[in-house]
Amino acid sequence: MSIPLWLETAFLQTADFMYARIPQAVPDKERLAACKIISHRGEHDNRAVFENTMPAFERVEAAGVWGIEFDLRWTRDLHPVVFHDEQLSRLAGTNQPISRLTLAQLKKDFGFIPAVEEVVARFGKSLHLMIEIKDDAYPQPDYQKKILKALLAPLEPKRDFHFLALCPTLFRNVDFVPPETCLPIAQTNLSVISEEAICKHYGGITGHYLLMTDRIRRRHRAQHQGVGTGFVNSLNCLFREINRNSEWIFSETAASLQADVKRLLVKGADRSIVGQ
């Protein structure tokens, strides 16, 4: 089922407004310390700092956040780069698609776009990498797999990185890693994605926190799979997801939430306190 983007946005904004104001029990110190917050496209405002860039990821690292989520696309000469959109219009003011430019052209004209190689080399051992595979062309799939495999060779699947995808069939492009490294993203097709994640022995399932019912969570935990939820942008919502045992917590305000967690850990969490 598909709903208009404006309606979906309005609904999610309303949900965020509500959940930010519903008090939640503060998780105990051990669970606070163990929570895995992931910064969605890094810490950015798309004015001073663009999403999916090295400065955005440096801010995440400085804040002590557990991980980053970023998007993978391919250039014309088959170099993997970090960019969300198919075209450059939203951030660079041109309708040119990433797939029609070489890496050299991107670096010359749009130097803020990093190659995946740069991100892995700089952050692969300090941040957990959640790499979303976009629905790009794979004209030479075996060659492209070989490139990704070589780039990620210094890292250990699951421990250091996961792959994400809105369409689980895209995981065929990274079949050099164990299936537990792959996390499909559910939208309104939650039941279908949940069933496929279990049948294909993926590492779990991810989706909006409103989608992840207790029944779905129990189903995946019974299969020893994790559940990731986004986008958790308030302290009360963070407490809710920690208390519901979300394995991975995606946020667009990750640095701020991590600062709150650090503050509570220093003070010592009192479970009688509720989030403000």
# chains A, B, ... in the order shown; residues from 1 in each chain; ligands from 1
>>> residues_around(residues="Lys158 of chain A", least_positions_apart="6", cutoff="12 Å", atoms="only C-alpha atoms", output="list in words")
His128, Leu129, Met130, Ile131, Leu152, Leu164, Val177, Pro178, Pro179, Glu180, Thr181, Cys182, Leu183, Tyr202, Gly203, Gly204, Gln225 and Gly226 of chain A
>>> write_last_selection(atoms="N, CA and C atoms", output="PDB file, in the first residue's frame")
ATOM      1  N   HIS A 128      30.358   1.984  13.896  1.00  0.00           N
ATOM      2  CA  HIS A 128      29.701   0.889  13.195  1.00  0.00           C
ATOM      3  C   HIS A 128      29.075   1.458  11.930  1.00  0.00           C
ATOM      4  N   LEU A 129      29.272   0.780  10.801  1.00  0.00           N
ATOM      5  CA  LEU A 129      28.794   1.274   9.518  1.00  0.00           C
ATOM      6  C   LEU A 129      27.511   0.554   9.115  1.00  0.00           C
ATOM      7  N   MET A 130      26.435   1.309   8.960  1.00  0.00           N
ATOM      8  CA  MET A 130      25.177   0.796   8.424  1.00  0.00           C
ATOM      9  C   MET A 130      25.070   1.320   6.992  1.00  0.00           C
ATOM     10  N   ILE A 131      25.301   0.446   6.022  1.00  0.00           N
ATOM     11  CA  ILE A 131      25.449   0.841   4.624  1.00  0.00           C
ATOM     12  C   ILE A 131      24.170   0.488   3.863  1.00  0.00           C
ATOM     13  N   LEU A 152      35.838  -3.578   2.024  1.00  0.00           N
ATOM     14  CA  LEU A 152      35.387  -3.919   3.381  1.00  0.00           C
ATOM     15  C   LEU A 152      36.227  -5.013   4.029  1.00  0.00           C
ATOM     16  N   LEU A 164      21.952  -2.445   4.655  1.00  0.00           N
ATOM     17  CA  LEU A 164      20.525  -2.176   4.704  1.00  0.00           C
ATOM     18  C   LEU A 164      19.989  -2.094   3.280  1.00  0.00           C
ATOM     19  N   VAL A 177      28.918 -11.574   1.943  1.00  0.00           N
ATOM     20  CA  VAL A 177      28.867 -11.527   3.405  1.00  0.00           C
ATOM     21  C   VAL A 177      27.818 -12.511   3.903  1.00  0.00           C
ATOM     22  N   PRO A 178      27.912 -12.959   5.159  1.00  0.00           N
ATOM     23  CA  PRO A 178      26.869 -13.835   5.703  1.00  0.00           C
ATOM     24  C   PRO A 178      25.513 -13.128   5.699  1.00  0.00           C
ATOM     25  N   PRO A 179      24.411 -13.856   5.519  1.00  0.00           N
ATOM     26  CA  PRO A 179      23.092 -13.215   5.487  1.00  0.00           C
ATOM     27  C   PRO A 179      22.760 -12.446   6.767  1.00  0.00           C
ATOM     28  N   GLU A 180      23.391 -12.836   7.873  1.00  0.00           N
ATOM     29  CA  GLU A 180      23.139 -12.132   9.137  1.00  0.00           C
ATOM     30  C   GLU A 180      23.639 -10.692   9.109  1.00  0.00           C
ATOM     31  N   THR A 181      24.441 -10.350   8.100  1.00  0.00           N
ATOM     32  CA  THR A 181      24.950  -8.989   7.946  1.00  0.00           C
ATOM     33  C   THR A 181      23.896  -8.072   7.326  1.00  0.00           C
ATOM     34  N   CYS A 182      22.837  -8.645   6.777  1.00  0.00           N
ATOM     35  CA  CYS A 182      21.843  -7.885   6.017  1.00  0.00           C
ATOM     36  C   CYS A 182      20.599  -7.595   6.858  1.00  0.00           C
ATOM     37  N   LEU A 183      20.136  -6.340   6.779  1.00  0.00           N
ATOM     38  CA  LEU A 183      18.967  -5.895   7.533  1.00  0.00           C
ATOM     39  C   LEU A 183      17.988  -5.216   6.581  1.00  0.00           C
ATOM     40  N   TYR A 202      18.253 -13.408   7.725  1.00  0.00           N
ATOM     41  CA  TYR A 202      18.933 -12.133   7.839  1.00  0.00           C
ATOM     42  C   TYR A 202      19.213 -11.820   9.313  1.00  0.00           C
ATOM     43  N   GLY A 203      19.930 -10.733   9.540  1.00  0.00           N
ATOM     44  CA  GLY A 203      20.286 -10.382  10.913  1.00  0.00           C
ATOM     45  C   GLY A 203      19.139  -9.806  11.715  1.00  0.00           C
ATOM     46  N   GLY A 204      18.049  -9.462  11.042  1.00  0.00           N
ATOM     47  CA  GLY A 204      16.899  -8.892  11.729  1.00  0.00           C
ATOM     48  C   GLY A 204      16.082  -8.059  10.767  1.00  0.00           C
ATOM     49  N   GLN A 225      17.077 -12.886  16.010  1.00  0.00           N
ATOM     50  CA  GLN A 225      17.310 -11.740  15.145  1.00  0.00           C
ATOM     51  C   GLN A 225      17.077 -10.448  15.927  1.00  0.00           C
ATOM     52  N   GLY A 226      17.736  -9.373  15.473  1.00  0.00           N
ATOM     53  CA  GLY A 226      17.576  -8.071  16.103  1.00  0.00           C
ATOM     54  C   GLY A 226      16.483  -7.252  15.433  1.00  0.00           C
TER      55      GLY A 226
END
>>> select_by_dssp(residues="segment 170-257 of chain A", states="alpha helix (DSSP H)", output="PDB file with C-alpha atoms, in the first residue's frame")
ATOM      1  CA  LEU A 190       6.036  -5.003   7.320  1.00  0.00           C
ATOM      2  CA  SER A 191       4.520  -8.508   7.275  1.00  0.00           C
ATOM      3  CA  VAL A 192       6.161  -9.340   3.931  1.00  0.00           C
ATOM      4  CA  ILE A 193       9.580  -8.027   4.972  1.00  0.00           C
ATOM      5  CA  SER A 194       9.335  -9.740   8.359  1.00  0.00           C
ATOM      6  CA  GLU A 195       8.597 -13.092   6.733  1.00  0.00           C
ATOM      7  CA  GLU A 196      11.456 -12.709   4.258  1.00  0.00           C
ATOM      8  CA  ALA A 197      13.927 -11.695   6.976  1.00  0.00           C
ATOM      9  CA  ILE A 198      13.119 -14.877   8.866  1.00  0.00           C
ATOM     10  CA  CYS A 199      13.111 -17.155   5.811  1.00  0.00           C
ATOM     11  CA  ASP A 214       5.561  -6.348  20.386  1.00  0.00           C
ATOM     12  CA  ARG A 215       4.353  -9.325  18.336  1.00  0.00           C
ATOM     13  CA  ILE A 216       6.849  -8.584  15.563  1.00  0.00           C
ATOM     14  CA  ARG A 217       9.625  -8.088  18.076  1.00  0.00           C
ATOM     15  CA  ARG A 218       8.911 -11.402  19.800  1.00  0.00           C
ATOM     16  CA  ARG A 219       8.786 -13.188  16.456  1.00  0.00           C
ATOM     17  CA  HIS A 220      12.239 -11.992  15.438  1.00  0.00           C
ATOM     18  CA  ARG A 221      13.822 -12.492  18.828  1.00  0.00           C
ATOM     19  CA  ALA A 222      12.571 -16.098  18.780  1.00  0.00           C
ATOM     20  CA  LEU A 235      14.753  11.392  24.760  1.00  0.00           C
ATOM     21  CA  ASN A 236      11.396   9.915  25.715  1.00  0.00           C
ATOM     22  CA  CYS A 237      11.244   7.967  22.465  1.00  0.00           C
ATOM     23  CA  LEU A 238      14.812   6.755  23.041  1.00  0.00           C
ATOM     24  CA  PHE A 239      13.852   5.487  26.504  1.00  0.00           C
ATOM     25  CA  ARG A 240      10.825   3.742  24.996  1.00  0.00           C
ATOM     26  CA  GLU A 241      12.916   1.942  22.396  1.00  0.00           C
ATOM     27  CA  ILE A 242      15.607   0.925  24.879  1.00  0.00           C
ATOM     28  CA  ASN A 243      12.927  -0.429  27.210  1.00  0.00           C
ATOM     29  CA  ALA A 254      21.953  11.113  17.433  1.00  0.00           C
ATOM     30  CA  ALA A 255      24.629  13.420  18.884  1.00  0.00           C
ATOM     31  CA  SER A 256      22.083  15.162  21.103  1.00  0.00           C
ATOM     32  CA  LEU A 257      20.654  11.857  22.329  1.00  0.00           C
TER      33      LEU A 257
END
>>> closest_residue(among="A:Glu8, A:Glu86, A:Glu51, A:Glu117", to="Leu151 of chain A", atoms="only C-alpha atoms")
A:Glu117
>>> select_by_dssp(residues="segment 124-242 of chain A", states="strand (DSSP E)", output="PyMOL selection string")
chain A and resi 128-133+161-165+182-184+204-208+226-230
>>> residues_around(residues="Phe17 of chain A", least_positions_apart="3", cutoff="12 Å", atoms="only C-alpha atoms", output="JSON list (two decimals) with C-alpha atoms, in the first residue's frame")
[["chain", "number", "residue", "atom", "x", "y", "z"],
["A", 10, "ALA", "CA", 2.41, 14.72, 8.57],
["A", 11, "PHE", "CA", 1.55, 11.44, 10.31],
["A", 12, "LEU", "CA", 5.14, 10.78, 11.37],
["A", 13, "GLN", "CA", 5.60, 14.35, 12.60],
["A", 14, "THR", "CA", 2.46, 14.01, 14.70],
["A", 20, "ALA", "CA", 8.39, 13.19, 22.70],
["A", 21, "ARG", "CA", 5.90, 14.25, 25.36],
["A", 22, "ILE", "CA", 4.88, 10.87, 26.79],
["A", 232, "VAL", "CA", 14.06, 8.14, 17.28],
["A", 233, "ASN", "CA", 14.61, 11.86, 17.77],
["A", 234, "SER", "CA", 13.57, 12.57, 21.36],
["A", 235, "LEU", "CA", 14.75, 11.39, 24.76],
["A", 236, "ASN", "CA", 11.40, 9.91, 25.71],
["A", 237, "CYS", "CA", 11.24, 7.97, 22.47]]
>>> residues_around(residues="Leu264 of chain A", least_positions_apart="6", cutoff="10 Å", atoms="only C-alpha atoms", output="JSON, numbers by chain")
{"A": [26, 27, 28, 29, 32, 33, 258, 270]}
>>> closest_residue(among="A:Pro55, A:Gly64, A:Pro97, A:Pro157", to="Val261 of chain A", atoms="only C-alpha atoms")
A:Gly64
